[in-house]
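What's in structure-v9.pdb: PDB, C-alpha atoms
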ATOM      1  CA  LYS A   1     -45.595 -13.116  20.757  1.00  0.00           C
ATOM      2  CA  TYR A   2     -44.165 -11.955  17.432  1.00  0.00           C
ATOM      3  CA  GLN A   3     -45.870 -14.640  15.355  1.00  0.00           C
ATOM      4  CA  TYR A   4     -49.283 -13.690  16.721  1.00  0.00           C
ATOM      5  CA  ALA A   5     -48.549  -9.991  16.204  1.00  0.00           C
ATOM      6  CA  GLY A   6     -47.593 -10.682  12.590  1.00  0.00           C
ATOM      7  CA  GLU A   7     -50.840 -12.524  12.001  1.00  0.00           C
ATOM      8  CA  VAL A   8     -52.862  -9.666  13.503  1.00  0.00           C
ATOM      9  CA  TYR A   9     -51.060  -7.133  11.311  1.00  0.00           C
ATOM     10  CA  MET A  10     -51.771  -9.281   8.245  1.00  0.00           C
ATOM     11  CA  GLU A  11     -55.445  -9.365   9.181  1.00  0.00           C
ATOM     12  CA  VAL A  12     -55.481  -5.545   9.365  1.00  0.00           C
ATOM     13  CA  ASP A  13     -54.005  -5.490   5.857  1.00  0.00           C
ATOM     14  CA  ARG A  14     -56.639  -7.936   4.626  1.00  0.00           C
ATOM     15  CA  LEU A  15     -59.530  -5.959   6.100  1.00  0.00           C
ATOM     16  CA  TYR A  16     -58.356  -2.433   5.223  1.00  0.00           C
ATOM     17  CA  ARG A  17     -56.415  -2.964   2.009  1.00  0.00           C
ATOM     18  CA  TYR A  18     -54.643   0.146   0.572  1.00  0.00           C
ATOM     19  CA  SER A  19     -55.331   2.262   3.663  1.00  0.00           C
ATOM     20  CA  ASP A  20     -52.708   3.969   5.783  1.00  0.00           C
ATOM     21  CA  SER A  21     -53.365   1.308   8.412  1.00  0.00           C
ATOM     22  CA  ALA A  22     -52.655  -1.428   5.875  1.00  0.00           C
ATOM     23  CA  ARG A  23     -49.379   0.217   4.888  1.00  0.00           C
ATOM     24  CA  SER A  24     -48.057   0.353   8.429  1.00  0.00           C
ATOM     25  CA  SER A  25     -49.490  -3.066   9.256  1.00  0.00           C
ATOM     26  CA  LEU A  26     -47.610  -4.744   6.382  1.00  0.00           C
ATOM     27  CA  ILE A  27     -44.226  -3.373   7.377  1.00  0.00           C
ATOM     28  CA  ASN A  28     -44.971  -4.153  11.038  1.00  0.00           C
ATOM     29  CA  ALA A  29     -46.033  -7.677  10.052  1.00  0.00           C
ATOM     30  CA  SER A  30     -42.787  -8.263   8.215  1.00  0.00           C
ATOM     31  CA  ARG A  31     -40.786  -7.001  11.227  1.00  0.00           C
ATOM     32  CA  ALA A  32     -42.807  -9.225  13.577  1.00  0.00           C
ATOM     33  CA  PHE A  33     -42.461 -12.303  11.376  1.00  0.00           C
ATOM     34  CA  HIS A  34     -38.717 -11.684  11.078  1.00  0.00           C
ATOM     35  CA  ALA A  35     -38.417 -11.436  14.855  1.00  0.00           C
ATOM     36  CA  SER A  36     -40.341 -14.710  15.230  1.00  0.00           C
ATOM     37  CA  GLY A  37     -38.088 -16.460  12.715  1.00  0.00           C
ATOM     38  CA  ASP A  38     -40.889 -17.019  10.199  1.00  0.00           C
ATOM     39  CA  TYR A  39     -38.845 -16.006   7.168  1.00  0.00           C
ATOM     40  CA  TYR A  40     -41.412 -17.112   4.622  1.00  0.00           C
ATOM     41  CA  MET A  41     -44.158 -14.894   6.074  1.00  0.00           C
ATOM     42  CA  CYS A  42     -41.687 -12.032   6.535  1.00  0.00           C
ATOM     43  CA  ARG A  43     -40.770 -12.174   2.854  1.00  0.00           C
ATOM     44  CA  LEU A  44     -44.431 -12.452   1.889  1.00  0.00           C
ATOM     45  CA  ALA A  45     -45.491  -9.390   3.926  1.00  0.00           C
ATOM     46  CA  ALA A  46     -42.468  -7.333   2.812  1.00  0.00           C
ATOM     47  CA  SER A  47     -42.992  -8.291  -0.839  1.00  0.00           C
ATOM     48  CA  ARG A  48     -46.631  -7.306  -0.682  1.00  0.00           C
ATOM     49  CA  PHE A  49     -45.634  -3.998   0.935  1.00  0.00           C
ATOM     50  CA  ILE A  50     -43.212  -3.256  -1.910  1.00  0.00           C
ATOM     51  CA  GLU A  51     -45.780  -4.311  -4.498  1.00  0.00           C
ATOM     52  CA  ASP A  52     -48.508  -2.092  -3.016  1.00  0.00           C
ATOM     53  CA  PHE A  53     -46.370   0.854  -1.860  1.00  0.00           C
ATOM     54  CA  PRO A  54     -43.168   0.932  -3.963  1.00  0.00           C
ATOM     55  CA  GLU A  55     -42.649   4.669  -3.456  1.00  0.00           C
ATOM     56  CA  SER A  56     -43.039   4.566   0.311  1.00  0.00           C
ATOM     57  CA  ARG A  57     -40.120   5.723   2.416  1.00  0.00           C
ATOM     58  CA  GLN A  58     -40.324   2.345   4.173  1.00  0.00           C
ATOM     59  CA  ALA A  59     -39.875   0.357   0.926  1.00  0.00           C
ATOM     60  CA  PRO A  60     -36.080   0.101   1.422  1.00  0.00           C
ATOM     61  CA  GLN A  61     -36.669  -1.402   4.856  1.00  0.00           C
ATOM     62  CA  ALA A  62     -39.044  -3.969   3.364  1.00  0.00           C
ATOM     63  CA  LYS A  63     -36.493  -4.856   0.669  1.00  0.00           C
ATOM     64  CA  TYR A  64     -33.774  -5.124   3.321  1.00  0.00           C
ATOM     65  CA  LEU A  65     -35.944  -7.462   5.417  1.00  0.00           C
ATOM     66  CA  ILE A  66     -36.418  -9.745   2.404  1.00  0.00           C
ATOM     67  CA  GLY A  67     -32.670  -9.895   1.833  1.00  0.00           C
ATOM     68  CA  LEU A  68     -32.030 -10.377   5.525  1.00  0.00           C
ATOM     69  CA  CYS A  69     -34.371 -13.381   5.599  1.00  0.00           C
ATOM     70  CA  PHE A  70     -32.360 -15.052   2.841  1.00  0.00           C
ATOM     71  CA  TYR A  71     -29.068 -13.989   4.431  1.00  0.00           C
ATOM     72  CA  GLU A  72     -29.959 -15.495   7.803  1.00  0.00           C
ATOM     73  CA  GLN A  73     -30.732 -18.825   6.135  1.00  0.00           C
ATOM     74  CA  ILE A  74     -27.303 -19.180   4.507  1.00  0.00           C
ATOM     75  CA  PRO A  75     -25.902 -22.584   5.499  1.00  0.00           C
ATOM     76  CA  ASP A  76     -22.255 -23.588   5.766  1.00  0.00           C
ATOM     77  CA  VAL A  77     -20.238 -23.795   2.536  1.00  0.00           C
ATOM     78  CA  SER A  78     -20.847 -27.514   2.122  1.00  0.00           C
ATOM     79  CA  ARG A  79     -24.593 -26.992   1.600  1.00  0.00           C
ATOM     80  CA  ASP A  80     -26.698 -25.546  -1.224  1.00  0.00           C
ATOM     81  CA  GLN A  81     -26.077 -21.801  -1.454  1.00  0.00           C
ATOM     82  CA  ARG A  82     -29.449 -20.813  -2.952  1.00  0.00           C
ATOM     83  CA  PRO A  83     -30.222 -18.519   0.024  1.00  0.00           C
ATOM     84  CA  ALA A  84     -26.871 -16.763  -0.474  1.00  0.00           C
ATOM     85  CA  LYS A  85     -27.630 -16.232  -4.159  1.00  0.00           C
ATOM     86  CA  GLU A  86     -31.095 -14.896  -3.364  1.00  0.00           C
ATOM     87  CA  ALA A  87     -29.625 -12.573  -0.732  1.00  0.00           C
ATOM     88  CA  LEU A  88     -27.172 -11.258  -3.336  1.00  0.00           C
ATOM     89  CA  ARG A  89     -30.018 -10.621  -5.768  1.00  0.00           C
ATOM     90  CA  VAL A  90     -32.184  -8.781  -3.222  1.00  0.00           C
ATOM     91  CA  PHE A  91     -29.335  -6.719  -1.768  1.00  0.00           C
ATOM     92  CA  THR A  92     -28.280  -5.740  -5.299  1.00  0.00           C
ATOM     93  CA  GLU A  93     -31.828  -4.576  -6.031  1.00  0.00           C
ATOM     94  CA  LEU A  94     -31.882  -2.598  -2.782  1.00  0.00           C
ATOM     95  CA  ILE A  95     -28.573  -0.897  -3.555  1.00  0.00           C
ATOM     96  CA  GLU A  96     -29.647  -0.030  -7.117  1.00  0.00           C
ATOM     97  CA  GLU A  97     -33.250   1.000  -6.420  1.00  0.00           C
ATOM     98  CA  TYR A  98     -32.694   2.893  -3.162  1.00  0.00           C
ATOM     99  CA  PRO A  99     -29.087   4.184  -3.241  1.00  0.00           C
ATOM    100  CA  GLU A 100     -29.785   6.894  -0.647  1.00  0.00           C
ATOM    101  CA  SER A 101     -31.344   4.526   1.874  1.00  0.00           C
ATOM    102  CA  LYS A 102     -29.883   4.051   5.337  1.00  0.00           C
ATOM    103  CA  TYR A 103     -30.022   0.280   4.678  1.00  0.00           C
ATOM    104  CA  VAL A 104     -27.515   0.389   1.810  1.00  0.00           C
ATOM    105  CA  SER A 105     -24.409   0.144   4.001  1.00  0.00           C
ATOM    106  CA  GLN A 106     -25.823  -2.869   5.869  1.00  0.00           C
ATOM    107  CA  ALA A 107     -26.877  -4.447   2.579  1.00  0.00           C
ATOM    108  CA  LYS A 108     -23.374  -4.002   1.130  1.00  0.00           C
ATOM    109  CA  GLU A 109     -21.826  -5.637   4.179  1.00  0.00           C
ATOM    110  CA  LYS A 110     -24.170  -8.608   4.000  1.00  0.00           C
ATOM    111  CA  PHE A 111     -23.725  -8.748   0.211  1.00  0.00           C
ATOM    112  CA  ASN A 112     -19.967  -9.194   0.662  1.00  0.00           C
ATOM    113  CA  GLU A 113     -20.483 -11.917   3.262  1.00  0.00           C
ATOM    114  CA  ALA A 114     -22.889 -13.798   0.977  1.00  0.00           C
ATOM    115  CA  LEU A 115     -20.430 -13.467  -1.915  1.00  0.00           C
ATOM    116  CA  THR A 116     -17.676 -14.905   0.269  1.00  0.00           C
ATOM    117  CA  GLN A 117     -19.945 -17.803   1.160  1.00  0.00           C
ATOM    118  CA  ILE A 118     -20.549 -18.645  -2.501  1.00  0.00           C
ATOM    119  CA  ALA A 119     -16.822 -18.437  -3.265  1.00  0.00           C
ATOM    120  CA  GLY A 120     -16.172 -20.801  -0.357  1.00  0.00           C
ATOM    121  CA  GLN A 121     -18.599 -23.310  -1.814  1.00  0.00           C
ATOM    122  CA  GLU A 122     -16.908 -23.146  -5.225  1.00  0.00           C
ATOM    123  CA  LEU A 123     -13.597 -23.881  -3.524  1.00  0.00           C
ATOM    124  CA  GLU A 124     -15.083 -26.788  -1.574  1.00  0.00           C
ATOM    125  CA  ILE A 125     -16.502 -28.291  -4.758  1.00  0.00           C
ATOM    126  CA  GLY A 126     -13.084 -27.955  -6.380  1.00  0.00           C
ATOM    127  CA  LYS A 127     -11.490 -29.801  -3.450  1.00  0.00           C
ATOM    128  CA  TYR A 128     -14.087 -32.536  -3.788  1.00  0.00           C
ATOM    129  CA  TYR A 129     -13.197 -32.944  -7.453  1.00  0.00           C
ATOM    130  CA  MET A 130      -9.504 -33.095  -6.537  1.00  0.00           C
ATOM    131  CA  GLU A 131     -10.214 -35.906  -4.073  1.00  0.00           C
ATOM    132  CA  LYS A 132     -12.017 -37.792  -6.856  1.00  0.00           C
ATOM    133  CA  ASP A 133      -9.062 -37.221  -9.248  1.00  0.00           C
ATOM    134  CA  GLN A 134     -11.176 -35.056 -11.528  1.00  0.00           C
ATOM    135  CA  ILE A 135      -8.527 -32.387 -11.834  1.00  0.00           C
ATOM    136  CA  LEU A 136      -9.970 -30.590 -14.863  1.00  0.00           C
ATOM    137  CA  ALA A 137     -13.315 -30.145 -13.106  1.00  0.00           C
ATOM    138  CA  ALA A 138     -11.470 -28.837 -10.038  1.00  0.00           C
ATOM    139  CA  ILE A 139      -9.529 -26.368 -12.188  1.00  0.00           C
ATOM    140  CA  GLY A 140     -12.819 -25.020 -13.542  1.00  0.00           C
ATOM    141  CA  ARG A 141     -14.088 -24.347 -10.011  1.00  0.00           C
ATOM    142  CA  TYR A 142     -10.810 -22.791  -8.871  1.00  0.00           C
ATOM    143  CA  LYS A 143     -10.769 -20.486 -11.899  1.00  0.00           C
ATOM    144  CA  VAL A 144     -14.259 -19.289 -10.994  1.00  0.00           C
ATOM    145  CA  VAL A 145     -12.974 -18.418  -7.509  1.00  0.00           C
ATOM    146  CA  VAL A 146      -9.970 -16.405  -8.711  1.00  0.00           C
ATOM    147  CA  GLU A 147     -11.779 -14.706 -11.609  1.00  0.00           C
ATOM    148  CA  SER A 148     -15.311 -14.091 -10.334  1.00  0.00           C
ATOM    149  CA  TYR A 149     -14.704 -13.822  -6.595  1.00  0.00           C
ATOM    150  CA  SER A 150     -11.380 -12.008  -6.514  1.00  0.00           C
ATOM    151  CA  MET A 151     -12.616  -9.665  -3.790  1.00  0.00           C
ATOM    152  CA  THR A 152     -13.109 -12.528  -1.321  1.00  0.00           C
ATOM    153  CA  PRO A 153     -10.545 -14.052   1.020  1.00  0.00           C
ATOM    154  CA  TYR A 154     -10.758 -17.301  -0.975  1.00  0.00           C
ATOM    155  CA  GLN A 155      -8.781 -15.914  -3.920  1.00  0.00           C
ATOM    156  CA  GLU A 156      -5.486 -16.725  -2.204  1.00  0.00           C
ATOM    157  CA  GLU A 157      -6.371 -20.388  -1.779  1.00  0.00           C
ATOM    158  CA  GLY A 158      -7.801 -20.424  -5.309  1.00  0.00           C
ATOM    159  CA  PHE A 159      -4.392 -19.408  -6.722  1.00  0.00           C
ATOM    160  CA  PHE A 160      -2.678 -22.066  -4.632  1.00  0.00           C
ATOM    161  CA  ARG A 161      -5.152 -24.767  -5.700  1.00  0.00           C
ATOM    162  CA  LEU A 162      -4.692 -23.841  -9.377  1.00  0.00           C
ATOM    163  CA  PHE A 163      -0.928 -24.060  -8.944  1.00  0.00           C
ATOM    164  CA  GLU A 164      -1.376 -27.451  -7.281  1.00  0.00           C
ATOM    165  CA  ALA A 165      -3.757 -28.790  -9.954  1.00  0.00           C
ATOM    166  CA  PHE A 166      -1.615 -27.730 -12.910  1.00  0.00           C
ATOM    167  CA  THR A 167       1.450 -29.181 -11.195  1.00  0.00           C
ATOM    168  CA  LEU A 168      -0.359 -32.507 -10.798  1.00  0.00           C
ATOM    169  CA  LEU A 169      -1.247 -32.452 -14.492  1.00  0.00           C
ATOM    170  CA  GLY A 170       2.388 -31.695 -15.363  1.00  0.00           C
ATOM    171  CA  ILE A 171       1.545 -28.399 -17.071  1.00  0.00           C
ATOM    172  CA  ASN A 172       4.451 -26.471 -15.612  1.00  0.00           C
ATOM    173  CA  GLU A 173       3.950 -23.259 -17.601  1.00  0.00           C
ATOM    174  CA  LYS A 174       0.453 -22.794 -16.155  1.00  0.00           C
ATOM    175  CA  SER A 175       1.503 -23.821 -12.656  1.00  0.00           C
ATOM    176  CA  LYS A 176       4.302 -21.222 -12.767  1.00  0.00           C
ATOM    177  CA  VAL A 177       1.797 -18.545 -13.833  1.00  0.00           C
ATOM    178  CA  TYR A 178      -0.409 -19.212 -10.812  1.00  0.00           C
ATOM    179  CA  PHE A 179       2.570 -19.553  -8.500  1.00  0.00           C
ATOM    180  CA  GLU A 180       3.773 -16.119  -9.618  1.00  0.00           C
ATOM    181  CA  LYS A 181       0.283 -14.630  -9.168  1.00  0.00           C
ATOM    182  CA  LEU A 182       0.153 -16.118  -5.688  1.00  0.00           C
ATOM    183  CA  LYS A 183       3.620 -14.808  -4.843  1.00  0.00           C
ATOM    184  CA  GLN A 184       2.843 -11.360  -6.249  1.00  0.00           C
ATOM    185  CA  SER A 185      -0.586 -10.938  -4.624  1.00  0.00           C
ATOM    186  CA  TYR A 186       0.225 -12.632  -1.325  1.00  0.00           C
ATOM    187  CA  PRO A 187       3.980 -12.289  -0.651  1.00  0.00           C
ATOM    188  CA  ASN A 188       3.721 -13.484   2.955  1.00  0.00           C
TER     189      ASN A 188
END
Take the structure in the file and write it out as structure tokens.
Amino acid sequence: KYQYAGEVYMEVDRLYRYSDSARSSLINASRAFHASGDYYMCRLAASRFIEDFPESRQAPQAKYLIGLCFYEQIPDVSRDQRPAKEALRVFTELIEEYPESKYVSQAKEKFNEALTQIAGQELEIGKYYMEKDQILAAIGRYKVVVESYSMTPYQEEGFFRLFEAFTLLGINEKSKVYFEKLKQSYPN
């Protein structure tokens, strides 16, 4: 009964604000709400914990739970990637504010997965533009993939799609540039 437990912990926080009991109840509430799948309440409890107790040794866990809530709501690449962008923001804050935390390695892993998700969406939007014969718009999206998301697995397809788009436009010099980059970076 995680939802009920979260509500009870929140009530302890409301009744005994700024006490040691409130501190532990807020972090326990955010864990309980996360376990119940109530991401909104988890983020609320964890945010309040960080606001009230920013120097606590449990603050990195609260920040991680906030990021995890956004991360677990990331949809497939064809949908709005706002949760992925929020997860990136929160995980970046966690890594910068608490570099010695045990949650940093998990945050970095999830950060990379969220980044890959956003790159995948950029590529999908580019493909959509190609289908609609809006090649210049597609080129803009593909360039974002190869320049801003070079550390993701989508860079390879981004190079290929740029080669394809410039070939369709008849700009052979540019298409050769991207073909050579593709050949050099991904010889197989």
For this session: Name every residue that the PyMOL selection byres ((chain A and resi 66-70) around 6) selects in this structure, writing the answer as a ChimeraX atom specification with chains first and numbers rising.
Result: /A:39,43,63-65,71-73,83,87,90-91
Can you spell out as an mmCIF file with C-alpha atoms, in the coordinates of the input the set of residues that the PyMOL selection byres ((chain A and resi 3) around 12) selects in the structure I just provided?
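The file below, out-v5.cif, is the result:
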data_model
loop_
_atom_site.group_PDB
_atom_site.id
_atom_site.type_symbol
_atom_site.label_atom_id
_atom_site.label_comp_id
_atom_site.auth_asym_id
_atom_site.auth_seq_id
_atom_site.Cartn_x
_atom_site.Cartn_y
_atom_site.Cartn_z
ATOM 1 C CA LYS A 1 -45.595 -13.116 20.757
ATOM 2 C CA TYR A 2 -44.165 -11.955 17.432
ATOM 3 C CA TYR A 4 -49.283 -13.690 16.721
ATOM 4 C CA ALA A 5 -48.549 -9.991 16.204
ATOM 5 C CA GLY A 6 -47.593 -10.682 12.590
ATOM 6 C CA GLU A 7 -50.840 -12.524 12.001
ATOM 7 C CA VAL A 8 -52.862 -9.666 13.503
ATOM 8 C CA TYR A 9 -51.060 -7.133 11.311
ATOM 9 C CA MET A 10 -51.771 -9.281 8.245
ATOM 10 C CA ASN A 28 -44.971 -4.153 11.038
ATOM 11 C CA ALA A 29 -46.033 -7.677 10.052
ATOM 12 C CA SER A 30 -42.787 -8.263 8.215
ATOM 13 C CA ARG A 31 -40.786 -7.001 11.227
ATOM 14 C CA ALA A 32 -42.807 -9.225 13.577
ATOM 15 C CA PHE A 33 -42.461 -12.303 11.376
ATOM 16 C CA HIS A 34 -38.717 -11.684 11.078
ATOM 17 C CA ALA A 35 -38.417 -11.436 14.855
ATOM 18 C CA SER A 36 -40.341 -14.710 15.230
ATOM 19 C CA GLY A 37 -38.088 -16.460 12.715
ATOM 20 C CA ASP A 38 -40.889 -17.019 10.199
ATOM 21 C CA TYR A 39 -38.845 -16.006 7.168
ATOM 22 C CA TYR A 40 -41.412 -17.112 4.622
ATOM 23 C CA MET A 41 -44.158 -14.894 6.074
ATOM 24 C CA CYS A 42 -41.687 -12.032 6.535
#
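When all atoms listed in the file are used to measure the gap to Arg141 in chain A, the shortest distance among A:Lys85, A:Leu123, A:Gln155, A:Tyr128 belongs to A:Leu123.
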For this session: Extract, using all atoms listed in the file, all DNA, RNA and protein residues at most 12 Å from Lys102 in chain A, discarding same-chain residues fewer than 4 positions from it, and format them as a ChimeraX atom specification.
Result: /A:57-61,64,94-95,98,106-108
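Closest approach to Phe166 in chain A from the set A:Arg14, A:Lys183, A:Arg79, A:Lys143 is made by A:Lys143, with distances taken over all atoms listed in the file.
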Problem set entry | Within 10 Å of range 186-188 of chain A using all atoms listed in the file, minus same-chain residues under 4 positions, as number ranges by chain | A: 155-156, 159, 180-182
For this session: Just give me the gap between CA of Gln81 in chain A and CA of Ser185 in chain A in Å, one decimal is fine.
Result: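 A separation of 27.9 Å between them.
Taking CA of Leu136 in chain A and CA of Gly120 in chain A as the two end points, the separation is 18.6 Å.
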Exercise. Hey, can you check how far CA of Glu124 in chain A sits from CA of Met151 in chain A?
Worked result: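 Distance reported for this atom pair: 17.4 Å.
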Problem set entry | Residues near Ile125 in chain A, cut-off 10 Å, all atoms listed in the file, skip fewer than 3 positions along chain, as a VMD selection string | chain A and resid 77 to 78 119 to 122 128 to 131 137 to 138 141 to 142
For this session: Please check which residues have atoms at most 10 Å from (-48.2, -4.1, -1.9) in the file's coordinates, counting all atoms listed in the file, and write them as a ChimeraX atom specification.
Result: /A:13,17-18,22-23,26,44-54,59
Problem set entry | Among listed residues A:Ser101, A:Asn112, A:Gln184, A:Gln117, nearest Ile74 in chain A (using only C-alpha atoms) | A:Gln117
Exercise. Between A:Thr116, A:Ser21, A:Gln134, A:Thr167, which one has atoms that come closest to Asp76 in chain A, using all atoms listed in the file?
Worked result: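 Looking only at the distances to Asp76 in chain A, the closest residue turns out to be A:Thr116.
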